[in-house]
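*Asks:* entry_11.pdb is the file, holding PDB, N, CA and C atoms:
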```pdb
ATOM      1  N   MET A  18       6.796 -38.596 -13.039
ATOM      2  CA  MET A  18       6.242 -37.762 -11.997
ATOM      3  C   MET A  18       4.721 -37.880 -12.030
ATOM      4  N   ALA A  19       4.085 -37.801 -10.901
ATOM      5  CA  ALA A  19       2.634 -37.932 -10.808
ATOM      6  C   ALA A  19       1.929 -36.688 -11.341
ATOM      7  N   ARG A  20       0.770 -36.925 -11.935
ATOM      8  CA  ARG A  20      -0.057 -35.818 -12.428
ATOM      9  C   ARG A  20      -0.602 -35.013 -11.257
ATOM     10  N   ASP A  21      -0.802 -33.719 -11.485
ATOM     11  CA  ASP A  21      -1.396 -32.837 -10.486
ATOM     12  C   ASP A  21      -2.845 -32.602 -10.901
ATOM     13  N   GLU A  22      -3.742 -33.448 -10.418
ATOM     14  CA  GLU A  22      -5.158 -33.381 -10.800
ATOM     15  C   GLU A  22      -5.822 -32.075 -10.392
ATOM     16  N   ASP A  23      -5.334 -31.438  -9.305
ATOM     17  CA  ASP A  23      -5.959 -30.218  -8.795
ATOM     18  C   ASP A  23      -5.906 -29.062  -9.783
ATOM     19  N   CYS A  24      -4.908 -29.018 -10.646
ATOM     20  CA  CYS A  24      -4.771 -27.878 -11.550
ATOM     21  C   CYS A  24      -5.630 -28.012 -12.806
ATOM     22  N   ILE A  25      -6.068 -29.209 -13.147
ATOM     23  CA  ILE A  25      -6.868 -29.406 -14.358
ATOM     24  C   ILE A  25      -8.219 -28.719 -14.204
ATOM     25  N   GLY A  26      -8.563 -27.904 -15.199
ATOM     26  CA  GLY A  26      -9.827 -27.171 -15.175
ATOM     27  C   GLY A  26      -9.713 -25.771 -14.605
ATOM     28  N   THR A  27      -8.527 -25.386 -14.144
ATOM     29  CA  THR A  27      -8.352 -24.033 -13.630
ATOM     30  C   THR A  27      -8.030 -23.077 -14.770
ATOM     31  N   VAL A  28      -8.320 -21.805 -14.544
ATOM     32  CA  VAL A  28      -8.043 -20.754 -15.522
ATOM     33  C   VAL A  28      -6.888 -19.933 -14.986
ATOM     34  N   GLY A  29      -5.948 -19.590 -15.859
ATOM     35  CA  GLY A  29      -4.798 -18.796 -15.462
ATOM     36  C   GLY A  29      -4.422 -17.793 -16.534
ATOM     37  N   VAL A  30      -3.348 -17.071 -16.267
ATOM     38  CA  VAL A  30      -2.839 -16.060 -17.198
ATOM     39  C   VAL A  30      -1.376 -16.369 -17.483
ATOM     40  N   LEU A  31      -1.012 -16.293 -18.761
ATOM     41  CA  LEU A  31       0.369 -16.562 -19.143
ATOM     42  C   LEU A  31       1.272 -15.410 -18.726
ATOM     43  N   SER A  32       2.312 -15.717 -17.962
ATOM     44  CA  SER A  32       3.306 -14.712 -17.599
ATOM     45  C   SER A  32       4.479 -14.740 -18.573
ATOM     46  N   VAL A  33       4.609 -15.851 -19.295
ATOM     47  CA  VAL A  33       5.581 -15.998 -20.377
ATOM     48  C   VAL A  33       4.844 -16.653 -21.537
ATOM     49  N   ALA A  34       4.975 -16.097 -22.737
ATOM     50  CA  ALA A  34       4.288 -16.624 -23.917
ATOM     51  C   ALA A  34       4.700 -18.072 -24.198
ATOM     52  N   THR A  35       3.764 -18.857 -24.727
ATOM     53  CA  THR A  35       4.101 -20.210 -25.174
ATOM     54  C   THR A  35       4.569 -20.135 -26.622
ATOM     55  N   ARG A  36       5.313 -21.168 -27.064
ATOM     56  CA  ARG A  36       5.837 -21.195 -28.431
ATOM     57  C   ARG A  36       5.319 -22.390 -29.208
ATOM     58  N   GLY A  37       4.134 -22.867 -28.828
ATOM     59  CA  GLY A  37       3.592 -24.042 -29.500
ATOM     60  C   GLY A  37       4.494 -25.236 -29.255
ATOM     61  N   GLY A  38       4.762 -26.011 -30.299
ATOM     62  CA  GLY A  38       5.624 -27.188 -30.186
ATOM     63  C   GLY A  38       7.086 -26.864 -29.946
ATOM     64  N   ASP A  39       7.478 -25.583 -30.102
ATOM     65  CA  ASP A  39       8.882 -25.194 -29.941
ATOM     66  C   ASP A  39       9.292 -24.956 -28.497
ATOM     67  N   GLY A  40       8.325 -24.899 -27.583
ATOM     68  CA  GLY A  40       8.709 -24.719 -26.193
ATOM     69  C   GLY A  40       7.588 -24.188 -25.331
ATOM     70  N   PRO A  41       7.729 -24.364 -24.026
ATOM     71  CA  PRO A  41       6.678 -23.943 -23.110
ATOM     72  C   PRO A  41       6.774 -22.471 -22.744
ATOM     73  N   GLY A  42       5.685 -21.988 -22.180
ATOM     74  CA  GLY A  42       5.659 -20.684 -21.539
ATOM     75  C   GLY A  42       5.469 -20.922 -20.060
ATOM     76  N   GLU A  43       4.881 -19.943 -19.400
ATOM     77  CA  GLU A  43       4.652 -20.067 -17.966
ATOM     78  C   GLU A  43       3.275 -19.504 -17.650
ATOM     79  N   VAL A  44       2.504 -20.233 -16.821
ATOM     80  CA  VAL A  44       1.166 -19.801 -16.452
ATOM     81  C   VAL A  44       1.059 -19.711 -14.936
ATOM     82  N   ARG A  45       0.364 -18.681 -14.476
ATOM     83  CA  ARG A  45       0.083 -18.524 -13.044
ATOM     84  C   ARG A  45      -1.395 -18.814 -12.850
ATOM     85  N   ILE A  46      -1.681 -19.773 -11.950
ATOM     86  CA  ILE A  46      -3.073 -20.131 -11.659
ATOM     87  C   ILE A  46      -3.330 -20.019 -10.162
ATOM     88  N   LYS A  47      -4.593 -19.775  -9.822
ATOM     89  CA  LYS A  47      -5.003 -19.767  -8.412
ATOM     90  C   LYS A  47      -5.399 -21.188  -8.051
ATOM     91  N   ILE A  48      -4.723 -21.721  -7.043
ATOM     92  CA  ILE A  48      -4.925 -23.115  -6.669
ATOM     93  C   ILE A  48      -4.493 -23.312  -5.219
ATOM     94  N   ARG A  49      -5.155 -24.195  -4.521
ATOM     95  CA  ARG A  49      -4.803 -24.558  -3.148
ATOM     96  C   ARG A  49      -4.691 -23.341  -2.224
ATOM     97  N   GLY A  50      -5.583 -22.379  -2.414
ATOM     98  CA  GLY A  50      -5.611 -21.213  -1.537
ATOM     99  C   GLY A  50      -4.555 -20.169  -1.842
ATOM    100  N   GLY A  51      -3.867 -20.284  -2.959
ATOM    101  CA  GLY A  51      -2.834 -19.316  -3.333
ATOM    102  C   GLY A  51      -2.652 -19.293  -4.835
ATOM    103  N   SER A  52      -1.539 -18.782  -5.281
ATOM    104  CA  SER A  52      -1.197 -18.775  -6.705
ATOM    105  C   SER A  52       0.081 -19.576  -6.895
ATOM    106  N   GLU A  53       0.108 -20.352  -7.979
ATOM    107  CA  GLU A  53       1.292 -21.143  -8.298
ATOM    108  C   GLU A  53       1.605 -20.992  -9.772
ATOM    109  N   THR A  54       2.877 -21.172 -10.112
ATOM    110  CA  THR A  54       3.341 -21.053 -11.489
ATOM    111  C   THR A  54       3.710 -22.432 -12.022
ATOM    112  N   PHE A  55       3.307 -22.694 -13.266
ATOM    113  CA  PHE A  55       3.574 -23.965 -13.936
ATOM    114  C   PHE A  55       4.160 -23.693 -15.314
ATOM    115  N   LEU A  56       4.968 -24.625 -15.836
ATOM    116  CA  LEU A  56       5.330 -24.587 -17.249
ATOM    117  C   LEU A  56       4.062 -24.845 -18.044
ATOM    118  N   ALA A  57       3.847 -24.081 -19.104
ATOM    119  CA  ALA A  57       2.612 -24.185 -19.883
ATOM    120  C   ALA A  57       2.922 -24.545 -21.330
ATOM    121  N   TRP A  58       2.414 -25.683 -21.755
ATOM    122  CA  TRP A  58       2.572 -26.133 -23.137
ATOM    123  C   TRP A  58       1.256 -25.927 -23.874
ATOM    124  N   SER A  59       1.333 -25.523 -25.145
ATOM    125  CA  SER A  59       0.130 -25.360 -25.970
ATOM    126  C   SER A  59       0.435 -25.823 -27.391
ATOM    127  N   GLU A  60      -0.622 -26.187 -28.127
ATOM    128  CA  GLU A  60      -0.440 -26.638 -29.508
ATOM    129  C   GLU A  60       0.032 -25.511 -30.407
ATOM    130  N   LYS A  61      -0.506 -24.303 -30.184
ATOM    131  CA  LYS A  61      -0.102 -23.148 -30.991
ATOM    132  C   LYS A  61       0.472 -22.076 -30.061
ATOM    133  N   PRO A  62       1.308 -21.192 -30.583
ATOM    134  CA  PRO A  62       1.860 -20.130 -29.745
ATOM    135  C   PRO A  62       0.756 -19.231 -29.174
ATOM    136  N   LEU A  63       0.900 -18.865 -27.903
ATOM    137  CA  LEU A  63      -0.045 -17.972 -27.228
ATOM    138  C   LEU A  63       0.745 -16.830 -26.605
ATOM    139  N   PRO A  64       0.220 -15.600 -26.682
ATOM    140  CA  PRO A  64       0.972 -14.441 -26.190
ATOM    141  C   PRO A  64       0.960 -14.312 -24.672
ATOM    142  N   ARG A  65       1.948 -13.602 -24.163
ATOM    143  CA  ARG A  65       1.984 -13.246 -22.743
ATOM    144  C   ARG A  65       0.717 -12.467 -22.414
ATOM    145  N   GLY A  66       0.106 -12.753 -21.274
ATOM    146  CA  GLY A  66      -1.122 -12.072 -20.866
ATOM    147  C   GLY A  66      -2.388 -12.771 -21.308
ATOM    148  N   ALA A  67      -2.269 -13.818 -22.143
ATOM    149  CA  ALA A  67      -3.447 -14.551 -22.605
ATOM    150  C   ALA A  67      -4.070 -15.323 -21.445
ATOM    151  N   THR A  68      -5.389 -15.358 -21.411
ATOM    152  CA  THR A  68      -6.099 -16.178 -20.427
ATOM    153  C   THR A  68      -6.197 -17.584 -20.985
ATOM    154  N   VAL A  69      -5.844 -18.574 -20.171
ATOM    155  CA  VAL A  69      -5.807 -19.959 -20.634
ATOM    156  C   VAL A  69      -6.520 -20.883 -19.650
ATOM    157  N   LEU A  70      -6.942 -22.033 -20.169
ATOM    158  CA  LEU A  70      -7.561 -23.093 -19.385
ATOM    159  C   LEU A  70      -6.587 -24.258 -19.325
ATOM    160  N   VAL A  71      -6.342 -24.779 -18.138
ATOM    161  CA  VAL A  71      -5.473 -25.959 -17.983
ATOM    162  C   VAL A  71      -6.298 -27.189 -18.328
ATOM    163  N   VAL A  72      -5.856 -27.943 -19.347
ATOM    164  CA  VAL A  72      -6.622 -29.110 -19.807
ATOM    165  C   VAL A  72      -5.963 -30.439 -19.448
ATOM    166  N   GLU A  73      -4.678 -30.401 -19.063
ATOM    167  CA  GLU A  73      -3.981 -31.638 -18.729
ATOM    168  C   GLU A  73      -2.769 -31.318 -17.873
ATOM    169  N   SER A  74      -2.403 -32.257 -17.022
ATOM    170  CA  SER A  74      -1.191 -32.127 -16.215
ATOM    171  C   SER A  74      -0.146 -33.086 -16.764
ATOM    172  N   ARG A  75       1.068 -32.599 -16.933
ATOM    173  CA  ARG A  75       2.176 -33.441 -17.374
ATOM    174  C   ARG A  75       3.005 -33.916 -16.193
ATOM    175  N   GLY A  76       2.609 -33.520 -14.982
ATOM    176  CA  GLY A  76       3.413 -33.830 -13.807
ATOM    177  C   GLY A  76       4.581 -32.871 -13.732
ATOM    178  N   ALA A  77       5.328 -32.910 -12.633
ATOM    179  CA  ALA A  77       6.520 -32.082 -12.451
ATOM    180  C   ALA A  77       6.254 -30.612 -12.757
ATOM    181  N   ARG A  78       5.078 -30.098 -12.343
ATOM    182  CA  ARG A  78       4.706 -28.694 -12.484
ATOM    183  C   ARG A  78       4.656 -28.221 -13.937
ATOM    184  N   ALA A  79       4.194 -29.098 -14.822
ATOM    185  CA  ALA A  79       4.020 -28.760 -16.235
ATOM    186  C   ALA A  79       2.597 -29.129 -16.644
ATOM    187  N   VAL A  80       1.952 -28.239 -17.423
ATOM    188  CA  VAL A  80       0.558 -28.446 -17.817
ATOM    189  C   VAL A  80       0.371 -28.142 -19.299
ATOM    190  N   ASP A  81      -0.704 -28.682 -19.865
ATOM    191  CA  ASP A  81      -1.141 -28.329 -21.214
ATOM    192  C   ASP A  81      -2.266 -27.319 -21.084
ATOM    193  N   VAL A  82      -2.233 -26.259 -21.903
ATOM    194  CA  VAL A  82      -3.240 -25.200 -21.835
ATOM    195  C   VAL A  82      -3.822 -24.914 -23.214
ATOM    196  N   VAL A  83      -5.020 -24.349 -23.209
ATOM    197  CA  VAL A  83      -5.649 -23.832 -24.426
ATOM    198  C   VAL A  83      -6.115 -22.420 -24.116
ATOM    199  N   GLU A  84      -6.192 -21.595 -25.170
ATOM    200  CA  GLU A  84      -6.675 -20.234 -24.979
ATOM    201  C   GLU A  84      -8.111 -20.281 -24.470
ATOM    202  N   TRP A  85      -8.456 -19.387 -23.557
ATOM    203  CA  TRP A  85      -9.764 -19.397 -22.902
ATOM    204  C   TRP A  85     -10.384 -18.022 -22.969
ATOM    205  N   GLU A  86     -11.660 -17.978 -23.340
ATOM    206  CA  GLU A  86     -12.422 -16.739 -23.300
ATOM    207  C   GLU A  86     -13.688 -17.021 -22.524
ATOM    208  N   ASP A  87     -13.975 -16.210 -21.534
ATOM    209  CA  ASP A  87     -15.171 -16.394 -20.723
ATOM    210  C   ASP A  87     -16.382 -16.058 -21.573
ATOM    211  N   SER A  88     -17.164 -17.068 -21.922
ATOM    212  CA  SER A  88     -18.316 -16.863 -22.801
ATOM    213  C   SER A  88     -19.446 -16.107 -22.118
ATOM    214  N   LEU A  89     -19.417 -16.008 -20.785
ATOM    215  CA  LEU A  89     -20.455 -15.263 -20.069
ATOM    216  C   LEU A  89     -20.173 -13.776 -20.053
ATOM    217  N   GLY A  90     -18.930 -13.383 -20.288
ATOM    218  CA  GLY A  90     -18.570 -11.970 -20.294
ATOM    219  C   GLY A  90     -18.733 -11.354 -18.921
ATOM    220  N   ASP A  91     -18.974 -10.049 -18.900
ATOM    221  CA  ASP A  91     -19.166  -9.349 -17.638
ATOM    222  C   ASP A  91     -20.468  -9.772 -16.991
ATOM    223  N   ILE A  92     -20.487  -9.723 -15.685
ATOM    224  CA  ILE A  92     -21.696 -10.044 -14.932
ATOM    225  C   ILE A  92     -22.699  -8.916 -15.139
ATOM    226  N   PRO A  93     -23.940  -9.226 -15.514
ATOM    227  CA  PRO A  93     -24.918  -8.155 -15.709
ATOM    228  C   PRO A  93     -25.231  -7.450 -14.397
ATOM    229  N   ARG A  94     -25.451  -6.153 -14.465
ATOM    230  CA  ARG A  94     -25.794  -5.360 -13.284
ATOM    231  C   ARG A  94     -27.289  -5.443 -13.023
ATOM    232  N   LEU A  95     -27.671  -5.540 -11.775
ATOM    233  CA  LEU A  95     -29.075  -5.543 -11.388
ATOM    234  C   LEU A  95     -29.426  -4.169 -10.829
ATOM    235  N   PRO A  96     -30.564  -3.594 -11.239
ATOM    236  CA  PRO A  96     -30.942  -2.281 -10.730
ATOM    237  C   PRO A  96     -31.033  -2.289  -9.203
ATOM    238  N   GLY A  97     -30.531  -1.222  -8.590
ATOM    239  CA  GLY A  97     -30.633  -1.078  -7.144
ATOM    240  C   GLY A  97     -29.497  -1.687  -6.355
ATOM    241  N   LEU A  98     -28.597  -2.428  -7.012
ATOM    242  CA  LEU A  98     -27.460  -3.008  -6.295
ATOM    243  C   LEU A  98     -26.285  -2.042  -6.351
ATOM    244  N   PRO A  99     -25.412  -2.063  -5.333
ATOM    245  CA  PRO A  99     -24.238  -1.187  -5.363
ATOM    246  C   PRO A  99     -23.386  -1.485  -6.589
ATOM    247  N   GLU A 100     -22.697  -0.463  -7.099
ATOM    248  CA  GLU A 100     -21.858  -0.621  -8.280
ATOM    249  C   GLU A 100     -20.608  -1.447  -8.011
ATOM    250  N   VAL A 101     -20.145  -1.467  -6.768
ATOM    251  CA  VAL A 101     -18.946  -2.221  -6.437
ATOM    252  C   VAL A 101     -19.272  -3.264  -5.386
ATOM    253  N   LEU A 102     -18.563  -4.359  -5.431
ATOM    254  CA  LEU A 102     -18.727  -5.375  -4.408
ATOM    255  C   LEU A 102     -18.063  -4.897  -3.134
ATOM    256  N   GLY A 103     -18.533  -5.371  -2.022
ATOM    257  CA  GLY A 103     -17.923  -5.011  -0.758
ATOM    258  C   GLY A 103     -18.392  -3.668  -0.236
ATOM    259  N   ASP A 104     -19.572  -3.211  -0.666
ATOM    260  CA  ASP A 104     -20.121  -1.961  -0.149
ATOM    261  C   ASP A 104     -20.364  -2.168   1.341
ATOM    262  N   GLU A 105     -19.552  -1.549   2.169
ATOM    263  CA  GLU A 105     -19.568  -1.808   3.605
ATOM    264  C   GLU A 105     -20.467  -0.862   4.380
ATOM    265  N   ARG A 106     -21.117   0.086   3.693
ATOM    266  CA  ARG A 106     -21.978   1.013   4.431
ATOM    267  C   ARG A 106     -23.120   0.245   5.075
ATOM    268  N   PRO A 107     -23.487   0.609   6.299
ATOM    269  CA  PRO A 107     -24.575  -0.106   6.964
ATOM    270  C   PRO A 107     -25.903   0.167   6.273
ATOM    271  N   CYS A 108     -26.760  -0.807   6.317
ATOM    272  CA  CYS A 108     -28.099  -0.668   5.750
ATOM    273  C   CYS A 108     -28.881   0.346   6.581
ATOM    274  N   SER A 109     -29.686   1.172   5.905
ATOM    275  CA  SER A 109     -30.436   2.207   6.616
ATOM    276  C   SER A 109     -31.792   1.710   7.118
ATOM    277  N   ALA A 110     -32.130   0.470   6.815
ATOM    278  CA  ALA A 110     -33.430  -0.051   7.249
ATOM    279  C   ALA A 110     -33.431  -0.302   8.755
ATOM    280  N   THR A 111     -34.521   0.004   9.372
ATOM    281  CA  THR A 111     -34.727  -0.313  10.788
ATOM    282  C   THR A 111     -36.098  -0.938  10.917
ATOM    283  N   VAL A 112     -36.435  -1.324  12.106
ATOM    284  CA  VAL A 112     -37.750  -1.903  12.347
ATOM    285  C   VAL A 112     -38.837  -0.865  12.080
ATOM    286  N   PHE A 113     -38.504   0.432  12.236
ATOM    287  CA  PHE A 113     -39.506   1.480  12.167
ATOM    288  C   PHE A 113     -39.549   2.252  10.858
ATOM    289  N   GLN A 114     -38.573   2.056   9.967
ATOM    290  CA  GLN A 114     -38.600   2.811   8.708
ATOM    291  C   GLN A 114     -38.075   1.955   7.562
ATOM    292  N   HIS A 115     -38.468   2.333   6.336
ATOM    293  CA  HIS A 115     -37.979   1.661   5.134
ATOM    294  C   HIS A 115     -36.563   2.120   4.837
ATOM    295  N   PRO A 116     -35.820   1.319   4.126
ATOM    296  CA  PRO A 116     -34.439   1.718   3.803
ATOM    297  C   PRO A 116     -34.418   2.939   2.871
ATOM    298  N   THR A 117     -33.420   3.783   3.041
ATOM    299  CA  THR A 117     -33.246   4.937   2.141
ATOM    300  C   THR A 117     -32.268   4.606   1.018
ATOM    301  N   ARG A 118     -31.627   3.463   1.109
ATOM    302  CA  ARG A 118     -30.764   2.962   0.043
ATOM    303  C   ARG A 118     -30.865   1.448   0.044
ATOM    304  N   PRO A 119     -30.526   0.814  -1.088
ATOM    305  CA  PRO A 119     -30.625  -0.657  -1.149
ATOM    306  C   PRO A 119     -29.751  -1.329  -0.097
ATOM    307  N   CYS A 120     -30.260  -2.405   0.487
ATOM    308  CA  CYS A 120     -29.485  -3.161   1.480
ATOM    309  C   CYS A 120     -28.955  -4.428   0.879
TER     310      CYS A 120
END
```
For the file at hand, write its structure as structure tokens.
*Replies:*
Amino acid sequence: MARDEDCIGTVGVLSVATRGGDGPGEVRIKIRGGSETFLAWSEKPLPRGATVLVVESRGARAVDVVEWEDSLGDIPRLPGLPEVLGDERPCSATVFQHPTRPC
């Protein structure tokens, strides 16, 4: 079966734990505008819910994964920016006055 190059380098979450060399688990990754599930093989057992990086495609919807930790951690907050993304309130700035809240 042909390799699926699109999945290599994606990050996913294990929905079924891997068993190392004893058997695969299952990983859900965001790919091609949606989410897809693949058989996930790893060198060592990884628990359900672990974040993993896809490092190789075995073809036929099977991939090799390694445990992944985002080394950047949480995104730092900048003073004056809304606490949540998608703040839909309109900006209070007009041509005639300064904003009363960050835009």
*Asks:* Within 10 Å of Val44 (chain A), counting only C-alpha atoms, which residues qualify if same-chain residues fewer than 3 places away don't, as a list in words?
*Replies:*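 Non-adjacent residues within range: Val28, Gly29, Val30, Leu31, Ser32, Val33, Ala34, Thr35, Pro41, Glu53, Thr54, Phe55, Leu56, Ala57, Trp58, Arg65, Gly66, Ala67, Thr68, Val69, Leu70, Val71, Ala79, Val80 and Val82 of chain A.
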*Asks:* Filtering to N, CA and C atoms, could you give me those residues as a short mmCIF file (atom, residue, chain, number, x, y, z; two decimals), in the frame of the given file?
*Replies:*
```cif
data_model
loop_
_atom_site.label_atom_id
_atom_site.label_comp_id
_atom_site.auth_asym_id
_atom_site.auth_seq_id
_atom_site.Cartn_x
_atom_site.Cartn_y
_atom_site.Cartn_z
N VAL A 28 -8.32 -21.80 -14.54
CA VAL A 28 -8.04 -20.75 -15.52
C VAL A 28 -6.89 -19.93 -14.99
N GLY A 29 -5.95 -19.59 -15.86
CA GLY A 29 -4.80 -18.80 -15.46
C GLY A 29 -4.42 -17.79 -16.53
N VAL A 30 -3.35 -17.07 -16.27
CA VAL A 30 -2.84 -16.06 -17.20
C VAL A 30 -1.38 -16.37 -17.48
N LEU A 31 -1.01 -16.29 -18.76
CA LEU A 31 0.37 -16.56 -19.14
C LEU A 31 1.27 -15.41 -18.73
N SER A 32 2.31 -15.72 -17.96
CA SER A 32 3.31 -14.71 -17.60
C SER A 32 4.48 -14.74 -18.57
N VAL A 33 4.61 -15.85 -19.30
CA VAL A 33 5.58 -16.00 -20.38
C VAL A 33 4.84 -16.65 -21.54
N ALA A 34 4.97 -16.10 -22.74
CA ALA A 34 4.29 -16.62 -23.92
C ALA A 34 4.70 -18.07 -24.20
N THR A 35 3.76 -18.86 -24.73
CA THR A 35 4.10 -20.21 -25.17
C THR A 35 4.57 -20.14 -26.62
N PRO A 41 7.73 -24.36 -24.03
CA PRO A 41 6.68 -23.94 -23.11
C PRO A 41 6.77 -22.47 -22.74
N GLU A 53 0.11 -20.35 -7.98
CA GLU A 53 1.29 -21.14 -8.30
C GLU A 53 1.60 -20.99 -9.77
N THR A 54 2.88 -21.17 -10.11
CA THR A 54 3.34 -21.05 -11.49
C THR A 54 3.71 -22.43 -12.02
N PHE A 55 3.31 -22.69 -13.27
CA PHE A 55 3.57 -23.96 -13.94
C PHE A 55 4.16 -23.69 -15.31
N LEU A 56 4.97 -24.62 -15.84
CA LEU A 56 5.33 -24.59 -17.25
C LEU A 56 4.06 -24.84 -18.04
N ALA A 57 3.85 -24.08 -19.10
CA ALA A 57 2.61 -24.18 -19.88
C ALA A 57 2.92 -24.54 -21.33
N TRP A 58 2.41 -25.68 -21.76
CA TRP A 58 2.57 -26.13 -23.14
C TRP A 58 1.26 -25.93 -23.87
N ARG A 65 1.95 -13.60 -24.16
CA ARG A 65 1.98 -13.25 -22.74
C ARG A 65 0.72 -12.47 -22.41
N GLY A 66 0.11 -12.75 -21.27
CA GLY A 66 -1.12 -12.07 -20.87
C GLY A 66 -2.39 -12.77 -21.31
N ALA A 67 -2.27 -13.82 -22.14
CA ALA A 67 -3.45 -14.55 -22.60
C ALA A 67 -4.07 -15.32 -21.44
N THR A 68 -5.39 -15.36 -21.41
CA THR A 68 -6.10 -16.18 -20.43
C THR A 68 -6.20 -17.58 -20.98
N VAL A 69 -5.84 -18.57 -20.17
CA VAL A 69 -5.81 -19.96 -20.63
C VAL A 69 -6.52 -20.88 -19.65
N LEU A 70 -6.94 -22.03 -20.17
CA LEU A 70 -7.56 -23.09 -19.39
C LEU A 70 -6.59 -24.26 -19.32
N VAL A 71 -6.34 -24.78 -18.14
CA VAL A 71 -5.47 -25.96 -17.98
C VAL A 71 -6.30 -27.19 -18.33
N ALA A 79 4.19 -29.10 -14.82
CA ALA A 79 4.02 -28.76 -16.24
C ALA A 79 2.60 -29.13 -16.64
N VAL A 80 1.95 -28.24 -17.42
CA VAL A 80 0.56 -28.45 -17.82
C VAL A 80 0.37 -28.14 -19.30
N VAL A 82 -2.23 -26.26 -21.90
CA VAL A 82 -3.24 -25.20 -21.84
C VAL A 82 -3.82 -24.91 -23.21
#
```
*Asks:* Expressed in Å to a single decimal, how great is the separation between atom C of Val72 (chain A) and atom N of Asp39 (chain A)?
*Replies:*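 Pair atom C of Val72 (chain A) / atom N of Asp39 (chain A) returns 17.8 Å.
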*Asks:* Interatomic distance between atom C of Asp87 (chain A) and atom C of Thr27 (chain A)?
*Replies:*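 Separation between atom C of Asp87 (chain A) and atom C of Thr27 (chain A): 12.9 Å.
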*Asks:* How far is it from atom N of Ala77 (chain A) to atom C of Ala19 (chain A), in Å with one decimal?
*Replies:*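 These two atoms are separated by 5.2 Å.
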*Asks:* Every residue with an atom at most 12 Å from (0.9, -27.2, -2.1) (file coordinates; only C-alpha atoms) is what I'm after, so could you write them as JSON, numbers by chain?
*Replies:* {"A": [21, 23, 24, 47, 48, 49, 50, 51, 52, 53, 54, 78]}
*Asks:* Which polymer residues have any atom within 6.5 Å of an atom of Lys61 (chain A), counting only N, CA and C atoms, with same-chain residues fewer than 5 positions away left out, as a list of chain:residue names?
*Replies:*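 In the requested format, the answer is A:Thr35, A:Arg36, A:Gly37, A:Gly38.
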*Asks:* Just list as a PyMOL selection string whatever in region 20-74 of chain A DSSP marks as helix (DSSP H, G or I).
*Replies:* chain A and resi 22-24+37-39
*Asks:* If you run DSSP on the backbone here, which positions in region 27-71 of chain A get strand (DSSP E)? Please write them as a list in words.
*Replies:* Val28, Gly29, Val30, Leu31, Ser32, Val33, Thr35, Arg36, Gly42, Glu43, Val44, Arg45, Ile46, Lys47, Ile48, Gly51, Ser52, Glu53, Thr54, Phe55, Leu56, Ala57, Trp58, Pro62, Leu63, Thr68, Val69, Leu70 and Val71 of chain A
*Asks:* With distances taken over only C-alpha atoms, which of A:Glu43, A:Glu86, A:Glu73, A:Glu60 is nearest to Ile25 (chain A)?
*Replies:*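 The answer is A:Glu73, which sits nearest to Ile25 (chain A).
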*Asks:* Starting from 3 Å padding per side, set up an axis-aligned box that covers all listed atoms of region 33-49 of chain A and hand over centre and edge lengths in Å, one decimal, as lines of an AutoDock Vina configuration file.
*Replies:*
```
center_x = 1.9
center_y = -21.5
center_z = -16.3
size_x = 20.7
size_y = 17.3
size_z = 34.1
```
*Asks:* Hey, what's within 8 Å of Glu22 (chain A) if we count all atoms listed in the file and toss same-chain stuff fewer than 4 positions away? As a ChimeraX atom specification, please?
*Replies:* /A:26,73-74,76
*Asks:* For C-alpha atoms, please extract region 35-69 of chain A from the block and return it as a PDB file, in the first residue's frame.
*Replies:*
```pdb
ATOM      1  CA  THR A  35      -0.331   1.540  21.995  1.00  0.00           C
ATOM      2  CA  ARG A  36       1.385  -1.638  23.240  1.00  0.00           C
ATOM      3  CA  GLY A  37       4.849  -1.068  21.839  1.00  0.00           C
ATOM      4  CA  GLY A  38       5.983  -4.054  19.768  1.00  0.00           C
ATOM      5  CA  ASP A  39       2.989  -6.101  20.994  1.00  0.00           C
ATOM      6  CA  GLY A  40       0.424  -4.195  18.973  1.00  0.00           C
ATOM      7  CA  PRO A  41      -0.908  -0.906  17.692  1.00  0.00           C
ATOM      8  CA  GLY A  42      -3.205   1.637  19.238  1.00  0.00           C
ATOM      9  CA  GLU A  43      -5.300   4.219  17.476  1.00  0.00           C
ATOM     10  CA  VAL A  44      -4.577   7.911  16.873  1.00  0.00           C
ATOM     11  CA  ARG A  45      -6.897  10.690  15.726  1.00  0.00           C
ATOM     12  CA  ILE A  46      -5.214  13.470  13.752  1.00  0.00           C
ATOM     13  CA  LYS A  47      -6.473  16.617  12.047  1.00  0.00           C
ATOM     14  CA  ILE A  48      -5.744  16.272   8.358  1.00  0.00           C
ATOM     15  CA  ARG A  49      -7.243  17.241   4.995  1.00  0.00           C
ATOM     16  CA  GLY A  50      -9.724  19.648   6.571  1.00  0.00           C
ATOM     17  CA  GLY A  51     -11.108  17.102   9.048  1.00  0.00           C
ATOM     18  CA  SER A  52     -10.124  14.427  11.543  1.00  0.00           C
ATOM     19  CA  GLU A  53      -9.089  10.901  10.628  1.00  0.00           C
ATOM     20  CA  THR A  54      -8.185   7.816  12.641  1.00  0.00           C
ATOM     21  CA  PHE A  55      -5.110   5.671  11.957  1.00  0.00           C
ATOM     22  CA  LEU A  56      -3.574   2.563  13.515  1.00  0.00           C
ATOM     23  CA  ALA A  57      -0.688   3.860  15.631  1.00  0.00           C
ATOM     24  CA  TRP A  58       2.503   1.894  16.216  1.00  0.00           C
ATOM     25  CA  SER A  59       5.162   2.985  18.731  1.00  0.00           C
ATOM     26  CA  GLU A  60       8.437   1.552  20.036  1.00  0.00           C
ATOM     27  CA  LYS A  61       7.243   1.700  23.648  1.00  0.00           C
ATOM     28  CA  PRO A  62       3.719   1.499  25.080  1.00  0.00           C
ATOM     29  CA  LEU A  63       1.905   4.862  25.216  1.00  0.00           C
ATOM     30  CA  PRO A  64      -1.277   5.531  27.219  1.00  0.00           C
ATOM     31  CA  ARG A  65      -4.679   6.523  25.888  1.00  0.00           C
ATOM     32  CA  GLY A  66      -4.900  10.328  25.733  1.00  0.00           C
ATOM     33  CA  ALA A  67      -1.173  10.791  25.047  1.00  0.00           C
ATOM     34  CA  THR A  68      -0.250  13.479  22.528  1.00  0.00           C
ATOM     35  CA  VAL A  69       1.853  11.981  19.743  1.00  0.00           C
TER      36      VAL A  69
END
```
